[in-house]
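For reference, query37.csv is printed below; it contains CSV, C-alpha atoms.
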```csv
chain,number,residue,atom,x,y,z
A,1,MET,CA,-31.7,-3.6,-40.8
A,2,PRO,CA,-35.5,-3.3,-40.4
A,3,GLY,CA,-36.8,0.3,-40.2
A,4,PRO,CA,-38.8,1.4,-37.2
A,5,GLU,CA,-42.2,0.6,-38.7
A,6,ASP,CA,-40.9,-2.8,-39.9
A,7,SER,CA,-39.8,-3.5,-36.3
A,8,LEU,CA,-43.3,-3.0,-35.1
A,9,ASN,CA,-44.8,-5.2,-37.8
A,10,ASP,CA,-42.4,-8.1,-37.4
A,11,PRO,CA,-43.4,-10.0,-34.2
A,12,VAL,CA,-39.9,-10.9,-33.3
A,13,GLU,CA,-38.5,-7.4,-33.9
A,14,ARG,CA,-41.5,-6.0,-32.0
A,15,SER,CA,-40.8,-8.2,-29.1
A,16,ALA,CA,-37.1,-7.2,-29.0
A,17,LEU,CA,-38.1,-3.5,-29.1
A,18,ILE,CA,-40.5,-4.0,-26.2
A,19,ALA,CA,-37.8,-5.8,-24.2
A,20,ALA,CA,-35.5,-2.9,-24.9
A,21,LEU,CA,-38.2,-0.4,-23.8
A,22,VAL,CA,-39.0,-2.1,-20.5
A,23,THR,CA,-35.3,-2.6,-19.6
A,24,GLY,CA,-34.5,1.0,-20.5
A,25,ARG,CA,-32.4,0.2,-23.5
A,26,CYS,CA,-34.4,2.0,-26.3
A,27,THR,CA,-33.0,5.1,-27.8
A,28,PRO,CA,-35.3,8.1,-26.9
A,29,ASP,CA,-36.5,8.1,-30.5
A,30,GLU,CA,-37.4,4.4,-30.4
A,31,ALA,CA,-39.1,4.8,-27.1
A,32,ARG,CA,-41.2,7.8,-28.3
A,33,ARG,CA,-42.2,5.9,-31.5
A,34,LEU,CA,-43.2,2.8,-29.5
A,35,GLN,CA,-45.2,4.8,-27.0
A,36,GLN,CA,-47.0,6.6,-29.8
A,37,ALA,CA,-47.8,3.3,-31.5
A,38,SER,CA,-49.0,1.8,-28.2
A,39,ARG,CA,-51.5,4.7,-27.9
A,40,ARG,CA,-53.0,3.6,-31.3
A,41,ASP,CA,-52.7,-0.1,-30.8
A,42,PRO,CA,-54.1,-1.4,-27.5
A,43,GLN,CA,-52.7,-4.9,-28.2
A,44,LEU,CA,-49.2,-3.4,-28.2
A,45,ALA,CA,-50.0,-1.4,-25.0
A,46,ARG,CA,-51.0,-4.7,-23.2
A,47,GLU,CA,-47.9,-6.4,-24.5
A,48,ILE,CA,-45.7,-3.7,-23.1
A,49,GLU,CA,-47.6,-3.9,-19.8
A,50,LEU,CA,-47.2,-7.7,-19.6
A,51,MET,CA,-43.4,-7.5,-20.1
A,52,GLU,CA,-43.2,-4.7,-17.5
A,53,LEU,CA,-45.0,-7.0,-15.1
A,54,LEU,CA,-42.7,-9.9,-16.0
A,55,ARG,CA,-39.6,-7.7,-15.3
A,56,ARG,CA,-41.1,-6.4,-12.1
A,57,HIS,CA,-41.8,-9.9,-10.8
A,58,MET,CA,-38.4,-11.2,-11.8
A,59,GLN,CA,-36.6,-8.3,-10.1
A,60,ILE,CA,-38.2,-9.0,-6.7
A,61,GLU,CA,-35.8,-10.9,-4.6
A,62,THR,CA,-37.4,-12.8,-1.8
A,63,GLU,CA,-34.8,-15.5,-1.3
A,64,GLU,CA,-32.0,-14.6,1.0
A,65,LEU,CA,-28.7,-16.2,0.2
A,66,PRO,CA,-26.5,-17.4,3.1
A,67,LEU,CA,-23.9,-14.9,2.0
A,68,GLU,CA,-21.5,-15.2,5.0
A,69,TRP,CA,-21.5,-19.0,5.0
A,70,GLY,CA,-21.0,-19.0,1.2
A,71,TRP,CA,-18.0,-16.6,1.5
A,72,GLN,CA,-16.4,-18.6,4.3
A,73,ARG,CA,-16.6,-21.8,2.3
A,74,LEU,CA,-15.3,-20.1,-0.8
A,75,LYS,CA,-12.4,-18.5,1.2
A,76,ARG,CA,-11.3,-21.9,2.4
A,77,ASP,CA,-11.3,-23.3,-1.1
A,78,LEU,CA,-9.5,-20.2,-2.5
A,79,ARG,CA,-6.7,-21.0,-0.1
A,80,ASN,CA,-6.5,-24.5,-1.5
A,81,VAL,CA,-6.5,-23.3,-5.0
A,82,ARG,CA,-3.7,-20.8,-4.2
A,83,GLU,CA,-1.6,-23.5,-2.6
A,84,SER,CA,-2.0,-25.9,-5.5
A,85,ARG,CA,-1.3,-23.0,-7.9
A,86,ALA,CA,1.8,-22.1,-6.0
A,87,ALA,CA,2.9,-25.8,-6.2
A,88,SER,CA,2.2,-26.0,-9.9
A,89,GLN,CA,4.1,-22.7,-10.5
A,90,PHE,CA,7.3,-24.3,-9.2
A,91,ARG,CA,6.9,-27.4,-11.3
A,92,TRP,CA,9.1,-25.7,-13.9
A,93,LEU,CA,11.9,-25.4,-11.4
A,94,PRO,CA,13.7,-28.7,-12.0
A,95,ALA,CA,13.6,-28.3,-15.8
A,96,ALA,CA,14.8,-24.7,-15.5
A,97,SER,CA,17.6,-25.8,-13.2
A,98,ALA,CA,18.6,-28.5,-15.6
A,99,ALA,CA,18.6,-26.0,-18.5
A,100,LEU,CA,20.7,-23.6,-16.5
A,101,LEU,CA,23.2,-26.4,-15.7
A,102,LEU,CA,23.4,-27.3,-19.3
A,103,LEU,CA,23.9,-23.7,-20.2
A,104,CYS,CA,26.7,-23.4,-17.6
A,105,VAL,CA,28.3,-26.6,-19.1
A,106,VAL,CA,28.1,-25.3,-22.6
A,107,GLN,CA,29.4,-21.9,-21.6
A,108,GLY,CA,32.2,-23.5,-19.7
A,109,VAL,CA,33.1,-25.6,-22.6
A,110,LEU,CA,33.1,-22.6,-24.9
A,111,LEU,CA,35.2,-20.6,-22.5
A,112,TRP,CA,37.6,-23.5,-22.2
A,113,LYS,CA,37.9,-23.7,-25.9
A,114,GLN,CA,38.5,-20.0,-26.2
A,115,GLU,CA,41.3,-20.2,-23.8
A,116,ASP,CA,42.6,-23.2,-25.7
A,117,PRO,CA,43.6,-22.1,-29.2
A,118,GLY,CA,44.5,-25.7,-30.0
A,119,LEU,CA,48.2,-25.1,-29.3
A,120,ARG,CA,48.2,-26.7,-25.9
A,121,LEU,CA,51.2,-29.0,-25.3
A,122,LEU,CA,50.5,-32.7,-25.0
A,123,GLY,CA,50.4,-33.8,-21.4
A,124,ALA,CA,49.7,-30.3,-20.1
A,125,ASP,CA,46.8,-29.8,-17.7
A,126,ALA,CA,45.5,-33.3,-17.4
A,127,PRO,CA,41.9,-33.1,-18.9
A,128,SER,CA,38.9,-34.6,-17.1
A,129,GLU,CA,38.5,-38.2,-18.1
A,130,HIS,CA,34.7,-37.8,-17.8
A,131,LEU,CA,32.4,-37.0,-20.7
A,132,GLN,CA,28.9,-35.5,-20.7
A,133,LEU,CA,26.5,-37.0,-23.1
A,134,SER,CA,22.8,-37.1,-23.9
A,135,PHE,CA,21.2,-39.7,-26.0
A,136,SER,CA,18.6,-39.0,-28.8
A,137,LEU,CA,15.0,-39.8,-28.0
A,138,GLN,CA,15.0,-42.6,-30.6
A,139,ALA,CA,18.0,-44.4,-29.2
A,140,THR,CA,17.3,-47.9,-27.9
A,141,GLU,CA,18.9,-49.5,-24.9
A,142,SER,CA,20.7,-52.1,-27.1
A,143,GLU,CA,22.1,-49.4,-29.4
A,144,ILE,CA,23.4,-47.5,-26.4
A,145,GLN,CA,25.0,-50.6,-24.9
A,146,ALA,CA,26.6,-51.5,-28.2
A,147,LEU,CA,28.0,-48.0,-28.7
A,148,LEU,CA,29.4,-47.8,-25.1
A,149,ARG,CA,31.1,-51.2,-25.6
A,150,ASP,CA,32.5,-50.1,-28.9
A,151,VAL,CA,33.9,-46.9,-27.5
A,152,GLY,CA,35.1,-48.6,-24.3
A,153,ALA,CA,33.1,-46.3,-22.0
A,154,GLU,CA,30.7,-46.8,-19.1
A,155,ILE,CA,28.0,-44.6,-17.6
A,156,VAL,CA,29.0,-43.5,-14.1
A,157,ALA,CA,26.1,-41.1,-13.3
A,158,GLY,CA,22.8,-39.8,-14.7
A,159,PRO,CA,20.5,-39.0,-16.1
A,160,SER,CA,20.2,-35.5,-14.8
A,161,SER,CA,16.9,-33.5,-15.1
A,162,ALA,CA,18.2,-32.4,-18.5
A,163,GLY,CA,18.9,-36.0,-19.5
A,164,LEU,CA,22.7,-35.7,-19.3
A,165,TYR,CA,24.8,-38.8,-18.5
A,166,ARG,CA,28.4,-38.8,-17.2
A,167,LEU,CA,30.6,-41.2,-19.0
A,168,ARG,CA,34.1,-42.6,-18.2
A,169,LEU,CA,36.5,-44.4,-20.5
A,170,ARG,CA,37.2,-47.9,-19.1
A,171,LYS,CA,40.9,-47.5,-19.9
A,172,PRO,CA,42.8,-46.1,-16.9
A,173,GLU,CA,44.3,-42.7,-17.5
A,174,PRO,CA,43.4,-42.3,-21.1
A,175,THR,CA,45.4,-39.9,-23.2
A,176,ARG,CA,44.0,-36.7,-24.7
A,177,GLU,CA,44.0,-38.4,-28.1
A,178,GLU,CA,42.1,-41.4,-26.8
A,179,ILE,CA,39.5,-39.1,-25.2
A,180,GLU,CA,39.1,-37.0,-28.4
A,181,ALA,CA,38.8,-40.2,-30.4
A,182,ALA,CA,36.0,-41.4,-28.1
A,183,ILE,CA,34.2,-38.1,-28.5
A,184,HIS,CA,34.6,-38.2,-32.2
A,185,ARG,CA,33.2,-41.7,-32.4
A,186,LEU,CA,30.3,-40.8,-30.1
A,187,ARG,CA,29.4,-37.7,-32.1
A,188,ALA,CA,29.3,-39.7,-35.2
A,189,ASP,CA,26.6,-42.0,-33.8
A,190,SER,CA,23.0,-41.1,-34.3
A,191,ALA,CA,22.1,-42.5,-30.8
A,192,VAL,CA,24.0,-39.5,-29.3
A,193,SER,CA,22.5,-36.0,-29.4
A,194,TYR,CA,25.2,-34.2,-27.4
A,195,VAL,CA,28.6,-35.2,-26.1
A,196,ASP,CA,31.6,-33.2,-24.8
A,197,GLN,CA,34.3,-33.5,-22.3
A,198,GLU,CA,33.3,-32.6,-18.8
A,199,PRO,CA,35.0,-29.3,-17.8
B,1,MET,CA,-45.8,5.7,-18.2
B,2,ASP,CA,-42.5,6.4,-16.5
B,3,SER,CA,-39.9,8.3,-18.4
B,4,LEU,CA,-37.1,6.2,-19.8
B,5,ALA,CA,-34.5,8.1,-17.7
B,6,ASP,CA,-36.4,7.0,-14.6
B,7,ARG,CA,-36.1,3.3,-15.4
B,8,ASN,CA,-32.9,2.9,-17.2
B,9,PRO,CA,-31.1,0.1,-15.4
B,10,ALA,CA,-28.2,0.4,-17.8
B,11,GLY,CA,-27.3,3.5,-15.9
B,12,ASN,CA,-26.6,1.4,-12.8
B,13,GLU,CA,-24.7,-1.2,-14.6
B,14,ALA,CA,-21.9,0.9,-15.9
B,15,PRO,CA,-20.4,1.5,-12.4
B,16,LEU,CA,-21.0,-2.1,-11.4
B,17,ASP,CA,-19.1,-3.3,-14.5
B,18,GLN,CA,-16.4,-0.8,-13.9
B,19,GLN,CA,-16.1,-1.9,-10.3
B,20,LEU,CA,-16.1,-5.6,-11.3
B,21,GLY,CA,-13.4,-4.9,-13.9
B,22,GLN,CA,-11.2,-3.2,-11.4
B,23,LEU,CA,-11.8,-6.0,-8.9
B,24,LEU,CA,-10.9,-8.6,-11.5
B,25,ALA,CA,-7.6,-6.9,-12.1
B,26,ARG,CA,-6.8,-7.1,-8.3
B,27,VAL,CA,-8.1,-10.7,-8.1
B,28,SER,CA,-5.7,-11.7,-10.9
B,29,ALA,CA,-2.9,-10.5,-8.6
B,30,GLY,CA,-4.2,-12.8,-5.8
B,31,ASP,CA,-5.9,-10.1,-3.8
B,32,GLN,CA,-8.4,-12.0,-1.6
B,33,GLY,CA,-10.0,-8.8,-0.3
B,34,ALA,CA,-10.9,-7.9,-3.9
B,35,MET,CA,-12.3,-11.4,-4.3
B,36,GLU,CA,-14.5,-11.0,-1.3
B,37,GLN,CA,-15.9,-7.7,-2.7
B,38,LEU,CA,-16.4,-9.3,-6.1
B,39,TYR,CA,-18.2,-12.2,-4.5
B,40,ARG,CA,-20.5,-9.9,-2.5
B,41,LEU,CA,-21.3,-7.9,-5.7
B,42,CYS,CA,-22.0,-10.9,-7.9
B,43,GLN,CA,-23.2,-13.7,-5.8
B,44,SER,CA,-26.9,-12.9,-6.1
B,45,ARG,CA,-26.7,-12.4,-9.9
B,46,VAL,CA,-24.7,-15.6,-10.5
B,47,TYR,CA,-26.9,-17.6,-8.1
B,48,ARG,CA,-30.1,-16.4,-9.6
B,49,PHE,CA,-28.8,-17.0,-13.1
B,50,ALA,CA,-28.0,-20.6,-12.2
B,51,ARG,CA,-31.3,-21.0,-10.4
B,52,SER,CA,-33.2,-19.7,-13.3
B,53,ARG,CA,-31.8,-22.4,-15.5
B,54,MET,CA,-31.7,-25.3,-13.1
B,55,ASN,CA,-34.8,-24.8,-10.9
B,56,ASP,CA,-32.7,-26.3,-8.1
B,57,SER,CA,-31.4,-24.0,-5.4
B,58,PHE,CA,-28.8,-26.5,-4.1
B,59,ALA,CA,-27.3,-27.0,-7.5
B,60,ALA,CA,-27.4,-23.2,-8.1
B,61,ALA,CA,-25.4,-22.6,-4.9
B,62,ASP,CA,-22.8,-25.1,-6.2
B,63,VAL,CA,-22.6,-23.4,-9.5
B,64,LEU,CA,-22.1,-20.1,-7.7
B,65,HIS,CA,-19.2,-21.6,-5.7
B,66,GLU,CA,-17.6,-23.2,-8.7
B,67,THR,CA,-18.0,-20.1,-10.8
B,68,MET,CA,-16.2,-18.0,-8.1
B,69,ILE,CA,-13.4,-20.5,-7.9
B,70,GLU,CA,-13.0,-20.3,-11.6
B,71,VAL,CA,-13.0,-16.5,-11.4
B,72,TRP,CA,-10.2,-16.7,-8.8
B,73,ARG,CA,-8.2,-19.0,-11.0
B,74,GLY,CA,-8.7,-17.3,-14.3
B,75,ALA,CA,-9.1,-13.6,-13.5
B,76,SER,CA,-6.0,-12.9,-15.5
B,77,ARG,CA,-7.7,-14.2,-18.6
B,78,PHE,CA,-10.3,-11.4,-18.5
B,79,GLU,CA,-9.1,-8.9,-21.1
B,80,GLY,CA,-11.9,-6.5,-20.9
B,81,ARG,CA,-13.2,-7.3,-24.4
B,82,SER,CA,-16.6,-8.0,-22.9
B,83,ARG,CA,-18.3,-6.6,-19.8
B,84,ALA,CA,-17.0,-8.1,-16.6
B,85,LEU,CA,-20.4,-9.4,-15.6
B,86,THR,CA,-20.9,-11.0,-19.0
B,87,TRP,CA,-17.6,-12.7,-18.6
B,88,ILE,CA,-18.5,-14.0,-15.2
B,89,LEU,CA,-22.0,-15.2,-16.3
B,90,GLY,CA,-20.3,-16.9,-19.2
B,91,ILE,CA,-18.3,-19.0,-16.8
B,92,ALA,CA,-21.5,-19.7,-14.8
B,93,ASN,CA,-23.2,-20.8,-18.0
B,94,HIS,CA,-20.5,-23.4,-18.6
B,95,LYS,CA,-20.8,-24.6,-15.0
B,96,VAL,CA,-24.5,-25.0,-15.4
B,97,MET,CA,-24.0,-27.0,-18.6
B,98,ASP,CA,-21.6,-29.3,-16.7
B,99,HIS,CA,-24.2,-29.8,-14.0
B,100,LEU,CA,-27.0,-30.5,-16.4
B,101,ARG,CA,-24.8,-32.9,-18.3
B,102,LYS,CA,-23.9,-34.8,-15.1
B,103,GLN,CA,-27.6,-35.0,-14.3
B,104,ASN,CA,-28.3,-36.3,-17.8
B,105,ARG,CA,-30.5,-33.3,-18.5
B,106,HIS,CA,-30.1,-32.1,-22.0
B,107,PRO,CA,-29.7,-28.4,-21.8
B,108,SER,CA,-31.9,-27.6,-24.7
B,109,GLN,CA,-34.9,-29.8,-23.7
B,110,GLU,CA,-38.1,-28.2,-24.9
B,111,LEU,CA,-40.2,-28.7,-21.8
B,112,ASP,CA,-42.5,-25.9,-22.7
B,113,GLU,CA,-43.4,-27.5,-26.0
B,114,SER,CA,-45.8,-29.5,-23.8
B,115,LEU,CA,-47.7,-26.4,-22.9
B,116,PRO,CA,-51.0,-26.8,-24.7
B,117,ASP,CA,-52.2,-24.3,-27.3
B,118,VAL,CA,-55.2,-22.7,-25.8
B,119,GLU,CA,-57.8,-20.4,-27.2
B,120,SER,CA,-56.4,-16.9,-27.1
B,121,PRO,CA,-57.5,-15.3,-23.9
B,122,THR,CA,-58.3,-11.7,-23.8
B,123,ALA,CA,-55.3,-9.4,-23.2
B,124,GLU,CA,-57.1,-8.2,-20.0
B,125,ALA,CA,-57.4,-11.8,-18.7
B,126,LEU,CA,-53.7,-12.4,-19.4
B,127,LEU,CA,-52.7,-9.3,-17.6
B,128,GLU,CA,-54.9,-10.2,-14.7
B,129,GLN,CA,-53.1,-13.5,-14.4
B,130,ALA,CA,-49.7,-11.8,-14.7
B,131,GLN,CA,-50.5,-9.5,-11.8
B,132,SER,CA,-49.8,-12.5,-9.5
B,133,ARG,CA,-46.1,-13.0,-8.9
B,134,THR,CA,-46.7,-16.6,-7.8
B,135,ARG,CA,-48.6,-17.3,-11.0
B,136,MET,CA,-45.9,-15.7,-13.2
B,137,LEU,CA,-43.1,-17.6,-11.4
B,138,GLU,CA,-45.0,-20.8,-11.7
B,139,CYS,CA,-45.3,-20.3,-15.5
B,140,LEU,CA,-41.6,-19.3,-15.8
B,141,SER,CA,-40.6,-22.5,-14.0
B,142,ARG,CA,-42.6,-24.5,-16.6
B,143,LEU,CA,-40.6,-23.0,-19.5
B,144,SER,CA,-37.8,-24.9,-21.1
B,145,GLU,CA,-34.3,-24.2,-19.6
B,146,LYS,CA,-33.2,-22.2,-22.6
B,147,HIS,CA,-36.3,-20.1,-22.6
B,148,ARG,CA,-36.1,-19.4,-18.9
B,149,MET,CA,-32.4,-18.5,-19.3
B,150,VAL,CA,-33.0,-15.9,-22.0
B,151,LEU,CA,-35.9,-14.3,-20.1
B,152,HIS,CA,-33.8,-14.2,-17.0
B,153,LEU,CA,-30.9,-12.6,-18.7
B,154,ALA,CA,-33.1,-10.1,-20.5
B,155,PHE,CA,-35.5,-9.1,-17.7
B,156,TYR,CA,-33.6,-9.9,-14.4
B,157,GLN,CA,-30.0,-9.2,-15.4
B,158,ASP,CA,-31.3,-6.5,-17.9
B,159,LEU,CA,-28.7,-7.5,-20.4
B,160,PRO,CA,-28.9,-6.4,-24.0
B,161,TYR,CA,-29.3,-9.2,-26.6
B,162,GLY,CA,-25.7,-8.9,-27.8
B,163,GLU,CA,-24.4,-9.6,-24.2
B,164,ILE,CA,-26.9,-12.5,-23.9
B,165,ALA,CA,-25.6,-14.0,-27.1
B,166,ALA,CA,-22.0,-13.8,-25.8
B,167,ILE,CA,-23.0,-15.6,-22.6
B,168,VAL,CA,-25.1,-18.3,-24.3
B,169,GLY,CA,-22.7,-18.6,-27.3
B,170,CYS,CA,-25.2,-18.1,-30.1
B,171,PRO,CA,-26.0,-15.4,-32.6
B,172,GLU,CA,-27.9,-12.4,-31.4
B,173,GLY,CA,-30.7,-13.2,-33.9
B,174,THR,CA,-31.2,-16.5,-32.1
B,175,VAL,CA,-31.5,-14.7,-28.8
B,176,LYS,CA,-34.1,-12.4,-30.3
B,177,THR,CA,-36.1,-15.4,-31.6
B,178,ARG,CA,-35.7,-17.3,-28.3
B,179,VAL,CA,-37.0,-14.4,-26.2
B,180,PHE,CA,-40.0,-14.1,-28.6
B,181,HIS,CA,-40.9,-17.8,-28.3
B,182,ALA,CA,-40.3,-17.7,-24.5
B,183,LYS,CA,-42.7,-14.9,-24.2
B,184,GLU,CA,-45.3,-16.7,-26.3
B,185,ALA,CA,-44.9,-19.9,-24.2
B,186,LEU,CA,-45.3,-17.8,-21.1
B,187,LYS,CA,-48.5,-16.3,-22.4
B,188,ARG,CA,-49.7,-19.8,-23.3
B,189,CYS,CA,-49.1,-20.9,-19.7
B,190,LEU,CA,-50.7,-17.8,-18.2
B,191,ALA,CA,-53.7,-18.4,-20.5
B,192,GLN,CA,-54.2,-21.9,-19.2
B,193,LYS,CA,-56.2,-20.8,-16.1
B,194,THR,CA,-57.9,-18.0,-17.9
B,195,VAL,CA,-60.1,-20.0,-20.3
```
Show this structure as structure tokens.
Amino acid sequence: MPGPEDSLNDPVERSALIAALVTGRCTPDEARRLQQASRRDPQLAREIELMELLRRHMQIETEELPLEWGWQRLKRDLRNVRESRAASQFRWLPAASAALLLLCVVQGVLLWKQEDPGLRLLGADAPSEHLQLSFSLQATESEIQALLRDVGAEIVAGPSSAGLYRLRLRKPEPTREEIEAAIHRLRADSAVSYVDQEP
Amino acid sequence: MDSLADRNPAGNEAPLDQQLGQLLARVSAGDQGAMEQLYRLCQSRVYRFARSRMNDSFAAADVLHETMIEVWRGASRFEGRSRALTWILGIANHKVMDHLRKQNRHPSQELDESLPDVESPTAEALLEQAQSRTRMLECLSRLSEKHRMVLHLAFYQDLPYGEIAAIVGCPEGTVKTRVFHAKEALKRCLAQKTV
């Protein structure tokens, strides 16, 4: 950091000090030192005077801005921004709804599994013959078709916003074992990222 | 010479900044009344900042408008790390740059390099020229855009060099050097008619 005397000897530092003085940003000590120096150095005194003139001229405002017109125009555009912002704020809604649906599905499945300790009698409470499934992002259409053929299932609805499909086994009235075998087969395939029986 | 206390513009800026900070908080909650107050407080400063850089009142009015739209959109991004006015002028600075780019005007063009070196006039002669506001403004308009900008921020907006550096996006030392060279260029211009 240059000292006070260095500041006055270095033209750039001196200029900065003068700017601070004319804009009232000097410390009282700096201001006093600068004023003392300007009494000894007429060049410095003229320099200060010139910068004071520059500031005075710049501060004078002769041009009137059309304030009211400017505000009215801005107000109109603010409304548009607000409307488009409101619209964009709800862009997340479909995705959130889908996520909520998926959560409900998963919760439902978990609850159903809790209620079902695996001791249910065959033939009791006919299960849904529909499966829910999502494919991995890398899965190709031909892979999916081959898999569905192999499992003996077809897509009956979907995809939802969350990318879920509803599947049905082609065989009429499949047994629980057949449904579970299909789920097992689908889970084993890399084209499938999620599959379960529809609650 | 006036006492420093008599001419300390910083004393008037603290309440302005405080007011702007509070208004920004309300604007971020979508308060249009606060936005109107903020517009009325800032429009002159933002407009004149843009005008000082662009020498074009129509483009400056556009910059004012675009800056205020951006303030409305992004008020919640203001975290109070800088002064509110510095933050707003920083946005205006980006808008000016965009305009200059669209007009294919390079923001750092050194127009005042063309000001000829003249024999040093007497200090009295320079001061005599500087008395005329028209003459001073004419010389300011002949400076390069970046030199006009730093002089405007230092002597119209009365901002300290640190704040100017934050708006312009350069080190404080660069601002210091730029103000020095801007003043030298201004003196060269004022001297032109005096020799």
**OP:** Name the residues in contact with segment 67-84 of chain A at a cut-off of 10 Å, using only C-alpha atoms, excluding same-chain residues fewer than 6 positions from it; report them as number ranges by chain.
**Re:** B: 30, 32, 35-36, 39-40, 43-44, 61-62, 64-66, 68-70, 72-73
Residues of the last selection are to be written out with C-alpha atoms, as a CSV table (one decimal), keeping the file's coordinate frame.
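Contents of the output file out_23.csv:
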```csv
chain,number,residue,atom,x,y,z
B,30,GLY,CA,-4.2,-12.8,-5.8
B,32,GLN,CA,-8.4,-12.0,-1.6
B,35,MET,CA,-12.3,-11.4,-4.3
B,36,GLU,CA,-14.5,-11.0,-1.3
B,39,TYR,CA,-18.2,-12.2,-4.5
B,40,ARG,CA,-20.5,-9.9,-2.5
B,43,GLN,CA,-23.2,-13.7,-5.8
B,44,SER,CA,-26.9,-12.9,-6.1
B,61,ALA,CA,-25.4,-22.6,-4.9
B,62,ASP,CA,-22.8,-25.1,-6.2
B,64,LEU,CA,-22.1,-20.1,-7.7
B,65,HIS,CA,-19.2,-21.6,-5.7
B,66,GLU,CA,-17.6,-23.2,-8.7
B,68,MET,CA,-16.2,-18.0,-8.1
B,69,ILE,CA,-13.4,-20.5,-7.9
B,70,GLU,CA,-13.0,-20.3,-11.6
B,72,TRP,CA,-10.2,-16.7,-8.8
B,73,ARG,CA,-8.2,-19.0,-11.0
```
Subject >> Closest of B:Asp17, B:Glu138, B:Glu79, B:Asp98 to chain A - atom-to-atom distances counting only C-alpha atoms >> reply: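 Residue with the minimum atom-to-atom distance to chain A: B:Glu138.
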Subject >> Gap from atom CA of Gln145 of chain A to atom CA of Pro174 of chain A - Å, one decimal >> reply: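 Atom CA of Gln145 of chain A sits 20.5 Å away from atom CA of Pro174 of chain A.
Candidate residues B:Phe155, B:Phe78, B:Phe49, B:Tyr161 were compared for distance to chain A, and the nearest is B:Phe155, using only C-alpha atoms.
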Original post:
How many Å lie between atom CA of Leu126 of chain B and atom CA of Leu190 of chain B, rounded to one decimal?
Top reply: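 Computing the Euclidean distance for atom CA of Leu126 of chain B and atom CA of Leu190 of chain B yields 6.3 Å.
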**OP:** Choose the residue, out of A:Leu101, A:Ala16, A:Leu148, A:Ala139, that has the smallest atom-to-atom separation from chain B; count all atoms listed in the file.
**Re:**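 Of all the options, A:Ala16 lies closest to chain B.
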Counting only C-alpha atoms, which residues of chain A fall within 7 Å of chain B, and what is the closest atom pair for each with its distance in Å at one decimal, ordered by chain and rising number, as JSON lines?
```
{"residue": "A:Val12", "atom": "CA", "partner": "B:Phe180", "partner_atom": "CA", "distance": 5.7}
{"residue": "A:Ser15", "atom": "CA", "partner": "B:Phe180", "partner_atom": "CA", "distance": 6.0}
{"residue": "A:Ala16", "atom": "CA", "partner": "B:Lys176", "partner_atom": "CA", "distance": 6.1}
{"residue": "A:Thr23", "atom": "CA", "partner": "B:Asp158", "partner_atom": "CA", "distance": 5.8}
{"residue": "A:Gly24", "atom": "CA", "partner": "B:Asn8", "partner_atom": "CA", "distance": 4.1}
{"residue": "A:Arg25", "atom": "CA", "partner": "B:Asn8", "partner_atom": "CA", "distance": 6.9}
{"residue": "A:Arg46", "atom": "CA", "partner": "B:Ala123", "partner_atom": "CA", "distance": 6.4}
{"residue": "A:Leu50", "atom": "CA", "partner": "B:Leu127", "partner_atom": "CA", "distance": 6.1}
{"residue": "A:Leu53", "atom": "CA", "partner": "B:Ala130", "partner_atom": "CA", "distance": 6.7}
{"residue": "A:Arg55", "atom": "CA", "partner": "B:Phe155", "partner_atom": "CA", "distance": 5.0}
{"residue": "A:His57", "atom": "CA", "partner": "B:Arg133", "partner_atom": "CA", "distance": 5.6}
{"residue": "A:Met58", "atom": "CA", "partner": "B:Tyr156", "partner_atom": "CA", "distance": 5.6}
{"residue": "A:Gln59", "atom": "CA", "partner": "B:Tyr156", "partner_atom": "CA", "distance": 5.5}
{"residue": "A:Leu74", "atom": "CA", "partner": "B:His65", "partner_atom": "CA", "distance": 6.4}
{"residue": "A:Leu78", "atom": "CA", "partner": "B:Ile69", "partner_atom": "CA", "distance": 6.7}
```
Subject >> Residue neighbourhood Ala37 of chain A, 12 Å, all atoms listed in the file, exclusion window fewer than 5 positions, as JSON, numbers by chain >> reply: {"A": [4, 5, 7, 8, 9, 14, 18, 30, 31, 32, 42, 43, 44, 45, 46, 47, 48]}
Original post:
Which one of A:Val151, A:Val195, A:Val22, A:Ala182 sits closest to Ser134 of chain A if you count all atoms listed in the file?
Top reply: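 Among the listed residues, the smallest separation from Ser134 of chain A belongs to A:Val195.
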**OP:** One decimal, Å: what's the distance from atom CA of Ser142 of chain A over to atom CA of Glu178 of chain A, could you say?
**Re:**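 The value is 23.9 Å.
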Subject >> Top pick for closest residue to Ser82 of chain B, considering B:Val27, B:Val63, B:Val150, B:Leu20 and counting all atoms listed in the file >> reply: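 Answer, going by the shortest atom-to-atom distance: B:Leu20.
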**OP:** Determine the nearest neighbour of Ala19 of chain A from the options B:Leu153, B:Ala25, B:Ala166, B:Leu38, counting all atoms listed in the file.
**Re:**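 Answer, going by the shortest atom-to-atom distance: B:Leu153.
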